[in-house]
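Peer 1: The following file, start_19.cif, comprises mmCIF, N, CA and C atoms:
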```cif
data_coords
loop_
_atom_site.label_atom_id
_atom_site.label_comp_id
_atom_site.auth_asym_id
_atom_site.auth_seq_id
_atom_site.Cartn_x
_atom_site.Cartn_y
_atom_site.Cartn_z
N MET I 170 19.73 1.49 -30.36
CA MET I 170 19.58 2.87 -30.75
C MET I 170 20.86 3.39 -31.43
N ARG I 171 21.82 2.49 -31.60
CA ARG I 171 23.06 2.89 -32.27
C ARG I 171 22.77 3.40 -33.67
N GLY I 172 23.45 4.47 -34.03
CA GLY I 172 23.30 5.03 -35.36
C GLY I 172 22.08 5.90 -35.54
N MET I 173 21.29 6.08 -34.50
CA MET I 173 20.08 6.90 -34.59
C MET I 173 20.33 8.25 -33.95
N ILE I 174 19.58 9.24 -34.38
CA ILE I 174 19.63 10.54 -33.73
C ILE I 174 18.82 10.42 -32.44
N LEU I 175 19.44 10.77 -31.33
CA LEU I 175 18.77 10.68 -30.04
C LEU I 175 18.29 12.05 -29.63
N ALA I 176 17.04 12.12 -29.21
CA ALA I 176 16.45 13.40 -28.84
C ALA I 176 15.73 13.26 -27.51
N VAL I 177 15.65 14.37 -26.79
CA VAL I 177 14.88 14.43 -25.55
C VAL I 177 14.01 15.68 -25.59
N SER I 178 12.92 15.60 -24.91
CA SER I 178 12.03 16.75 -24.78
C SER I 178 12.64 17.78 -23.84
N PHE I 179 12.29 19.04 -24.06
CA PHE I 179 12.70 20.09 -23.12
C PHE I 179 12.26 19.72 -21.70
N GLN I 180 11.17 19.00 -21.58
CA GLN I 180 10.64 18.58 -20.28
C GLN I 180 11.61 17.62 -19.59
N THR I 181 12.19 16.71 -20.35
CA THR I 181 13.15 15.77 -19.79
C THR I 181 14.36 16.51 -19.23
N VAL I 182 14.83 17.49 -19.98
CA VAL I 182 15.97 18.30 -19.51
C VAL I 182 15.61 18.98 -18.20
N ALA I 183 14.43 19.56 -18.12
CA ALA I 183 13.99 20.24 -16.90
C ALA I 183 13.92 19.26 -15.73
N GLU I 184 13.39 18.06 -15.97
CA GLU I 184 13.29 17.06 -14.90
C GLU I 184 14.67 16.62 -14.41
N LEU I 185 15.60 16.46 -15.32
CA LEU I 185 16.95 16.05 -14.92
C LEU I 185 17.64 17.14 -14.10
N TRP I 186 17.47 18.40 -14.49
CA TRP I 186 18.06 19.50 -13.72
C TRP I 186 17.37 19.66 -12.36
N ALA I 187 16.07 19.39 -12.30
CA ALA I 187 15.37 19.43 -11.02
C ALA I 187 15.92 18.34 -10.09
N TRP I 188 16.20 17.19 -10.65
CA TRP I 188 16.78 16.09 -9.89
C TRP I 188 18.14 16.51 -9.32
N ALA I 189 18.94 17.18 -10.15
CA ALA I 189 20.25 17.66 -9.69
C ALA I 189 20.08 18.67 -8.55
N GLU I 190 19.11 19.56 -8.69
CA GLU I 190 18.85 20.57 -7.64
C GLU I 190 18.41 19.90 -6.34
N GLU I 191 17.43 19.01 -6.46
CA GLU I 191 16.89 18.34 -5.27
C GLU I 191 17.96 17.50 -4.57
N SER I 192 18.86 16.94 -5.35
CA SER I 192 19.92 16.10 -4.79
C SER I 192 21.15 16.90 -4.37
N ARG I 193 21.08 18.20 -4.60
CA ARG I 193 22.17 19.12 -4.23
C ARG I 193 23.51 18.70 -4.85
N TRP I 194 23.44 18.40 -6.14
CA TRP I 194 24.64 18.00 -6.85
C TRP I 194 25.66 19.12 -6.84
N GLY I 195 26.91 18.74 -6.80
CA GLY I 195 28.02 19.68 -6.88
C GLY I 195 28.37 19.99 -8.33
N ASN I 196 29.39 20.81 -8.49
CA ASN I 196 29.79 21.25 -9.83
C ASN I 196 30.21 20.10 -10.73
N ALA I 197 30.93 19.13 -10.19
CA ALA I 197 31.39 18.01 -11.01
C ALA I 197 30.21 17.18 -11.53
N GLN I 198 29.24 16.90 -10.67
CA GLN I 198 28.08 16.12 -11.10
C GLN I 198 27.25 16.90 -12.12
N ARG I 199 27.11 18.20 -11.91
CA ARG I 199 26.36 19.04 -12.86
C ARG I 199 27.06 19.09 -14.21
N ALA I 200 28.38 19.15 -14.18
CA ALA I 200 29.14 19.13 -15.43
C ALA I 200 28.94 17.79 -16.14
N GLY I 201 28.88 16.71 -15.38
CA GLY I 201 28.61 15.40 -15.96
C GLY I 201 27.24 15.34 -16.61
N LEU I 202 26.25 15.94 -15.97
CA LEU I 202 24.90 15.98 -16.54
C LEU I 202 24.91 16.80 -17.82
N GLU I 203 25.57 17.92 -17.80
CA GLU I 203 25.65 18.77 -19.00
C GLU I 203 26.31 17.99 -20.14
N HIS I 204 27.38 17.27 -19.84
CA HIS I 204 28.05 16.46 -20.86
C HIS I 204 27.11 15.37 -21.39
N PHE I 205 26.40 14.70 -20.50
CA PHE I 205 25.45 13.66 -20.90
C PHE I 205 24.39 14.25 -21.84
N LEU I 206 23.83 15.38 -21.47
CA LEU I 206 22.77 15.99 -22.27
C LEU I 206 23.26 16.49 -23.62
N SER I 207 24.55 16.78 -23.71
CA SER I 207 25.10 17.29 -24.98
C SER I 207 25.04 16.23 -26.09
N ARG I 208 24.80 14.99 -25.74
CA ARG I 208 24.71 13.92 -26.74
C ARG I 208 23.34 13.86 -27.41
N PHE I 209 22.40 14.66 -26.93
CA PHE I 209 21.03 14.61 -27.43
C PHE I 209 20.63 15.91 -28.13
N VAL I 210 19.73 15.78 -29.08
CA VAL I 210 19.03 16.94 -29.61
C VAL I 210 17.92 17.24 -28.61
N VAL I 211 17.81 18.49 -28.19
CA VAL I 211 16.73 18.87 -27.27
C VAL I 211 15.60 19.47 -28.10
N VAL I 212 14.44 18.84 -28.01
CA VAL I 212 13.28 19.31 -28.75
C VAL I 212 12.62 20.43 -27.95
N PRO I 213 12.57 21.65 -28.50
CA PRO I 213 11.99 22.77 -27.77
C PRO I 213 10.47 22.81 -27.92
N TYR I 214 9.86 23.69 -27.12
CA TYR I 214 8.42 23.93 -27.25
C TYR I 214 8.12 24.56 -28.61
N SER I 215 7.00 24.18 -29.15
CA SER I 215 6.45 24.84 -30.36
C SER I 215 4.94 24.80 -30.23
N THR I 216 4.27 25.61 -31.02
CA THR I 216 2.80 25.60 -31.01
C THR I 216 2.28 24.22 -31.39
N GLU I 217 2.90 23.61 -32.39
CA GLU I 217 2.46 22.28 -32.81
C GLU I 217 2.66 21.25 -31.69
N LEU I 218 3.75 21.37 -30.93
CA LEU I 218 3.96 20.48 -29.79
C LEU I 218 2.89 20.72 -28.73
N GLY I 219 2.54 21.97 -28.48
CA GLY I 219 1.48 22.28 -27.52
C GLY I 219 0.14 21.68 -27.93
N GLN I 220 -0.15 21.73 -29.21
CA GLN I 220 -1.39 21.13 -29.71
C GLN I 220 -1.36 19.61 -29.56
N THR I 221 -0.21 19.02 -29.82
CA THR I 221 -0.07 17.57 -29.65
C THR I 221 -0.19 17.19 -28.19
N TRP I 222 0.39 18.00 -27.29
CA TRP I 222 0.26 17.78 -25.85
C TRP I 222 -1.21 17.73 -25.46
N ALA I 223 -2.01 18.67 -25.97
CA ALA I 223 -3.44 18.71 -25.65
C ALA I 223 -4.14 17.43 -26.12
N ARG I 224 -3.78 16.95 -27.31
CA ARG I 224 -4.39 15.70 -27.82
C ARG I 224 -3.98 14.51 -26.96
N VAL I 225 -2.72 14.45 -26.56
CA VAL I 225 -2.24 13.34 -25.73
C VAL I 225 -2.95 13.34 -24.38
N MET I 226 -3.01 14.50 -23.73
CA MET I 226 -3.68 14.60 -22.43
C MET I 226 -5.15 14.19 -22.53
N THR I 227 -5.81 14.68 -23.56
CA THR I 227 -7.23 14.38 -23.74
C THR I 227 -7.44 12.90 -24.03
N ALA I 228 -6.60 12.32 -24.87
CA ALA I 228 -6.71 10.90 -25.18
C ALA I 228 -6.51 10.04 -23.94
N ALA I 229 -5.53 10.39 -23.12
CA ALA I 229 -5.29 9.63 -21.89
C ALA I 229 -6.49 9.72 -20.96
N ARG I 230 -7.01 10.91 -20.78
CA ARG I 230 -8.17 11.08 -19.89
C ARG I 230 -9.37 10.32 -20.39
N ARG I 231 -9.60 10.35 -21.69
CA ARG I 231 -10.74 9.64 -22.26
C ARG I 231 -10.63 8.13 -22.06
N LYS I 232 -9.41 7.65 -21.93
CA LYS I 232 -9.19 6.22 -21.70
C LYS I 232 -9.09 5.90 -20.21
N GLY I 233 -9.37 6.92 -19.37
CA GLY I 233 -9.34 6.69 -17.93
C GLY I 233 -7.95 6.67 -17.32
N ARG I 234 -6.96 7.19 -18.02
CA ARG I 234 -5.59 7.23 -17.53
C ARG I 234 -5.23 8.65 -17.11
N ARG I 235 -4.73 8.77 -15.91
CA ARG I 235 -4.26 10.07 -15.43
C ARG I 235 -2.81 10.22 -15.87
N MET I 236 -2.49 11.36 -16.47
CA MET I 236 -1.11 11.62 -16.88
C MET I 236 -0.62 12.89 -16.22
N GLU I 237 0.60 12.85 -15.73
CA GLU I 237 1.24 14.06 -15.25
C GLU I 237 1.52 14.94 -16.46
N ALA I 238 1.47 16.24 -16.26
CA ALA I 238 1.71 17.18 -17.36
C ALA I 238 3.08 16.94 -17.99
N GLY I 239 4.09 16.71 -17.16
CA GLY I 239 5.44 16.48 -17.68
C GLY I 239 5.51 15.23 -18.56
N ASP I 240 4.87 14.16 -18.12
CA ASP I 240 4.85 12.94 -18.92
C ASP I 240 4.15 13.18 -20.25
N ALA I 241 3.12 14.01 -20.24
CA ALA I 241 2.40 14.30 -21.48
C ALA I 241 3.28 15.08 -22.45
N TRP I 242 4.14 15.98 -21.93
CA TRP I 242 5.07 16.69 -22.82
C TRP I 242 6.02 15.71 -23.49
N ILE I 243 6.51 14.76 -22.72
CA ILE I 243 7.45 13.77 -23.25
C ILE I 243 6.75 12.89 -24.29
N ALA I 244 5.57 12.41 -23.97
CA ALA I 244 4.81 11.59 -24.91
C ALA I 244 4.45 12.38 -26.17
N ALA I 245 4.04 13.62 -26.00
CA ALA I 245 3.66 14.45 -27.15
C ALA I 245 4.86 14.68 -28.07
N THR I 246 6.03 14.82 -27.51
CA THR I 246 7.23 14.99 -28.32
C THR I 246 7.45 13.76 -29.19
N ALA I 247 7.31 12.58 -28.60
CA ALA I 247 7.46 11.34 -29.36
C ALA I 247 6.40 11.23 -30.45
N VAL I 248 5.16 11.56 -30.12
CA VAL I 248 4.07 11.48 -31.09
C VAL I 248 4.31 12.45 -32.24
N LEU I 249 4.63 13.70 -31.92
CA LEU I 249 4.79 14.72 -32.95
C LEU I 249 5.89 14.36 -33.94
N TYR I 250 6.97 13.81 -33.45
CA TYR I 250 8.09 13.49 -34.32
C TYR I 250 8.13 12.02 -34.75
N ALA I 251 7.05 11.30 -34.46
CA ALA I 251 6.93 9.88 -34.84
C ALA I 251 8.18 9.11 -34.44
N ALA I 252 8.62 9.37 -33.22
CA ALA I 252 9.82 8.73 -32.68
C ALA I 252 9.43 7.76 -31.58
N PRO I 253 10.10 6.64 -31.48
CA PRO I 253 9.80 5.73 -30.36
C PRO I 253 10.20 6.39 -29.05
N LEU I 254 9.42 6.15 -28.02
CA LEU I 254 9.70 6.68 -26.68
C LEU I 254 10.39 5.60 -25.89
N LEU I 255 11.70 5.73 -25.73
CA LEU I 255 12.49 4.78 -24.96
C LEU I 255 12.53 5.28 -23.53
N THR I 256 12.06 4.44 -22.59
CA THR I 256 11.90 4.90 -21.21
C THR I 256 12.12 3.76 -20.21
N HIS I 257 12.34 4.16 -18.98
CA HIS I 257 12.34 3.23 -17.85
C HIS I 257 11.09 3.44 -17.01
N ASP I 258 10.26 4.37 -17.41
CA ASP I 258 9.07 4.78 -16.65
C ASP I 258 7.85 3.97 -17.11
N GLU I 259 7.38 3.10 -16.25
CA GLU I 259 6.24 2.25 -16.61
C GLU I 259 4.93 3.01 -16.73
N ASP I 260 4.91 4.28 -16.33
CA ASP I 260 3.69 5.08 -16.48
C ASP I 260 3.29 5.24 -17.95
N PHE I 261 4.24 5.07 -18.86
CA PHE I 261 3.95 5.22 -20.28
C PHE I 261 3.40 3.93 -20.91
N VAL I 262 3.57 2.82 -20.23
CA VAL I 262 3.16 1.53 -20.77
C VAL I 262 1.64 1.43 -20.81
N GLY I 263 1.13 0.95 -21.93
CA GLY I 263 -0.31 0.73 -22.06
C GLY I 263 -1.14 1.98 -22.24
N LEU I 264 -0.53 3.08 -22.61
CA LEU I 264 -1.30 4.32 -22.80
C LEU I 264 -2.24 4.23 -24.00
N ASP I 265 -1.86 3.46 -25.02
CA ASP I 265 -2.70 3.27 -26.20
C ASP I 265 -3.13 4.60 -26.81
N ILE I 266 -2.14 5.43 -27.11
CA ILE I 266 -2.38 6.72 -27.75
C ILE I 266 -1.89 6.62 -29.18
N VAL I 267 -2.71 7.06 -30.12
CA VAL I 267 -2.36 6.97 -31.53
C VAL I 267 -1.03 7.68 -31.77
N GLY I 268 -0.11 6.96 -32.40
CA GLY I 268 1.18 7.51 -32.74
C GLY I 268 2.24 7.38 -31.66
N LEU I 269 1.89 6.80 -30.52
CA LEU I 269 2.85 6.65 -29.43
C LEU I 269 3.35 5.22 -29.39
N ASP I 270 4.66 5.07 -29.65
CA ASP I 270 5.32 3.77 -29.64
C ASP I 270 6.27 3.75 -28.44
N VAL I 271 5.88 3.05 -27.38
CA VAL I 271 6.65 3.03 -26.13
C VAL I 271 7.52 1.78 -26.09
N ILE I 272 8.80 1.99 -25.83
CA ILE I 272 9.74 0.91 -25.59
C ILE I 272 10.21 1.09 -24.15
N CYS I 273 9.74 0.21 -23.27
CA CYS I 273 10.02 0.36 -21.84
C CYS I 273 10.99 -0.72 -21.37
N HIS I 274 12.07 -0.26 -20.77
CA HIS I 274 13.07 -1.16 -20.18
C HIS I 274 13.12 -0.86 -18.69
N ALA I 275 12.09 -1.26 -17.98
CA ALA I 275 12.02 -0.98 -16.54
C ALA I 275 12.74 -2.02 -15.73
#
```
As structure tokens, what does this structure read like?
Peer 2:
Amino acid sequence: MRGMILAVSFQTVAELWAWAEESRWGNAQRAGLEHFLSRFVVVPYSTELGQTWARVMTAARRKGRRMEAGDAWIAATAVLYAAPLLTHDEDFVGLDIVGLDVICHA
């Protein structure tokens, strides 16, 4: 991924901060998370992203795959921007959604 623009969904940011809250991280760890996140472009919500989310959720259901809403936001972000989804989460593997290119390093 060297030399590429790295982006994360607003959903990913929310999940990481929830992890910090649940783990009761202190100020130093939170500052580290903030520094880590500063290396990424954060893709915000848009109407077009919402429409893509609906297509992703519907496509997964039609294929018999249950998707968490948060995972669908992340997948929809990748689909909308035609970006590969680099993840450690095997839930994305085998989704077979048009426009979703999953690179999983679990």
Peer 1: Give the strand (DSSP E or B) residues of chain I, as assigned by DSSP on the backbone, as a PyMOL selection string.
Peer 2: chain I and resi 176-178+210-212+254-256+271-273
Peer 1: Kindly provide, as JSON, the centre and edge lengths (Å, one decimal) of an axis-aligned box around all atoms of region 194-212 of chain I given in the file, with 6 Å on each side.
Peer 2:
```
{"center_x": 22.0, "center_y": 17.5, "center_z": -17.9, "size_x": 30.8, "size_y": 19.6, "size_z": 35.5}
```
Peer 1: What is the CA of Arg235 (chain I) to CA of Thr221 (chain I) distance in Å?
Peer 2: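 Going from CA of Arg235 (chain I) over to CA of Thr221 (chain I) covers 16.6 Å.
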Peer 1: Would you please extract all helix (DSSP H, G or I) residues from chain I, as assigned by DSSP on the backbone, and give them as a PyMOL selection string?
Peer 2: chain I and resi 179-191+196-206+216-231+238-249+259-261
Peer 1: For the atom pair CA of Gly233 (chain I) and CA of Leu264 (chain I), what is the interatomic distance in Å to one decimal place?
Peer 2: 9.7 Å
Peer 1: Fewer than 4 positions away in the same chain doesn't count, so skip those; otherwise give me all residues within 12 Å of Thr216 (chain I), counting only C-alpha atoms, as a VMD selection string.
Peer 2: chain I and resid 220 to 223 245 to 246 249
Peer 1: Filtering to N, CA and C atoms, could you give me those residues as a compact mmCIF listing (two decimals), in the frame of the given file?
Peer 2:
```txt
# COMPACT_ATOMS: atom_id res chain seq x y z
N GLN I 220 -0.15 21.73 -29.21
CA GLN I 220 -1.39 21.13 -29.71
C GLN I 220 -1.36 19.61 -29.56
N THR I 221 -0.21 19.02 -29.82
CA THR I 221 -0.07 17.57 -29.65
C THR I 221 -0.19 17.19 -28.19
N TRP I 222 0.39 18.00 -27.29
CA TRP I 222 0.26 17.78 -25.85
C TRP I 222 -1.21 17.73 -25.46
N ALA I 223 -2.01 18.67 -25.97
CA ALA I 223 -3.44 18.71 -25.65
C ALA I 223 -4.14 17.43 -26.12
N ALA I 245 4.04 13.62 -26.00
CA ALA I 245 3.66 14.45 -27.15
C ALA I 245 4.86 14.68 -28.07
N THR I 246 6.03 14.82 -27.51
CA THR I 246 7.23 14.99 -28.32
C THR I 246 7.45 13.76 -29.19
N LEU I 249 4.63 13.70 -31.92
CA LEU I 249 4.79 14.72 -32.95
C LEU I 249 5.89 14.36 -33.94
```
Peer 1: Using only C-alpha atoms for the distances, tell me which of I:Tyr250, I:His257, I:Trp186, I:Ala244 is nearest to Arg199 (chain I).
Peer 2: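 Nearest candidate to Arg199 (chain I) out of I:Tyr250, I:His257, I:Trp186, I:Ala244: I:Trp186.
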Peer 1: Residues near Val225 (chain I), anyone? I mean within 12 Å using only C-alpha atoms, not counting same-chain ones fewer than 2 positions away, as a PyMOL selection string.
Peer 2: chain I and resi 218-223+227-232+234-249+261+264-269
Peer 1: Just so the selection is clear, what residues does the PyMOL selection byres ((chain I and resi 170-174) around 7) cover here, as a list of chain:residue names?
Peer 2: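 Evaluating the PyMOL selection byres ((chain I and resi 170-174) around 7) on these coordinates yields I:Leu175, I:Ala176, I:Phe209, I:Val210.
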Peer 1: Interatomic distance between atom C of Val271 (chain I) and atom C of Leu255 (chain I)?
Peer 2: 6.6 Å
Peer 1: With only C-alpha atoms as the atoms that count, which of I:Val211, I:Leu202, I:Ala252, I:Val262 lies nearest to Ala187 (chain I)?
Peer 2: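 The closest residue to Ala187 (chain I) is I:Leu202.
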Peer 1: Using the chain letters and residue numbers of this document, give as a ChimeraX atom specification the residues selected by the PyMOL selection byres (((chain I and resi 178 and name CA) around 6) and name CA).
Peer 2: /I:177,179-181,211-212,243
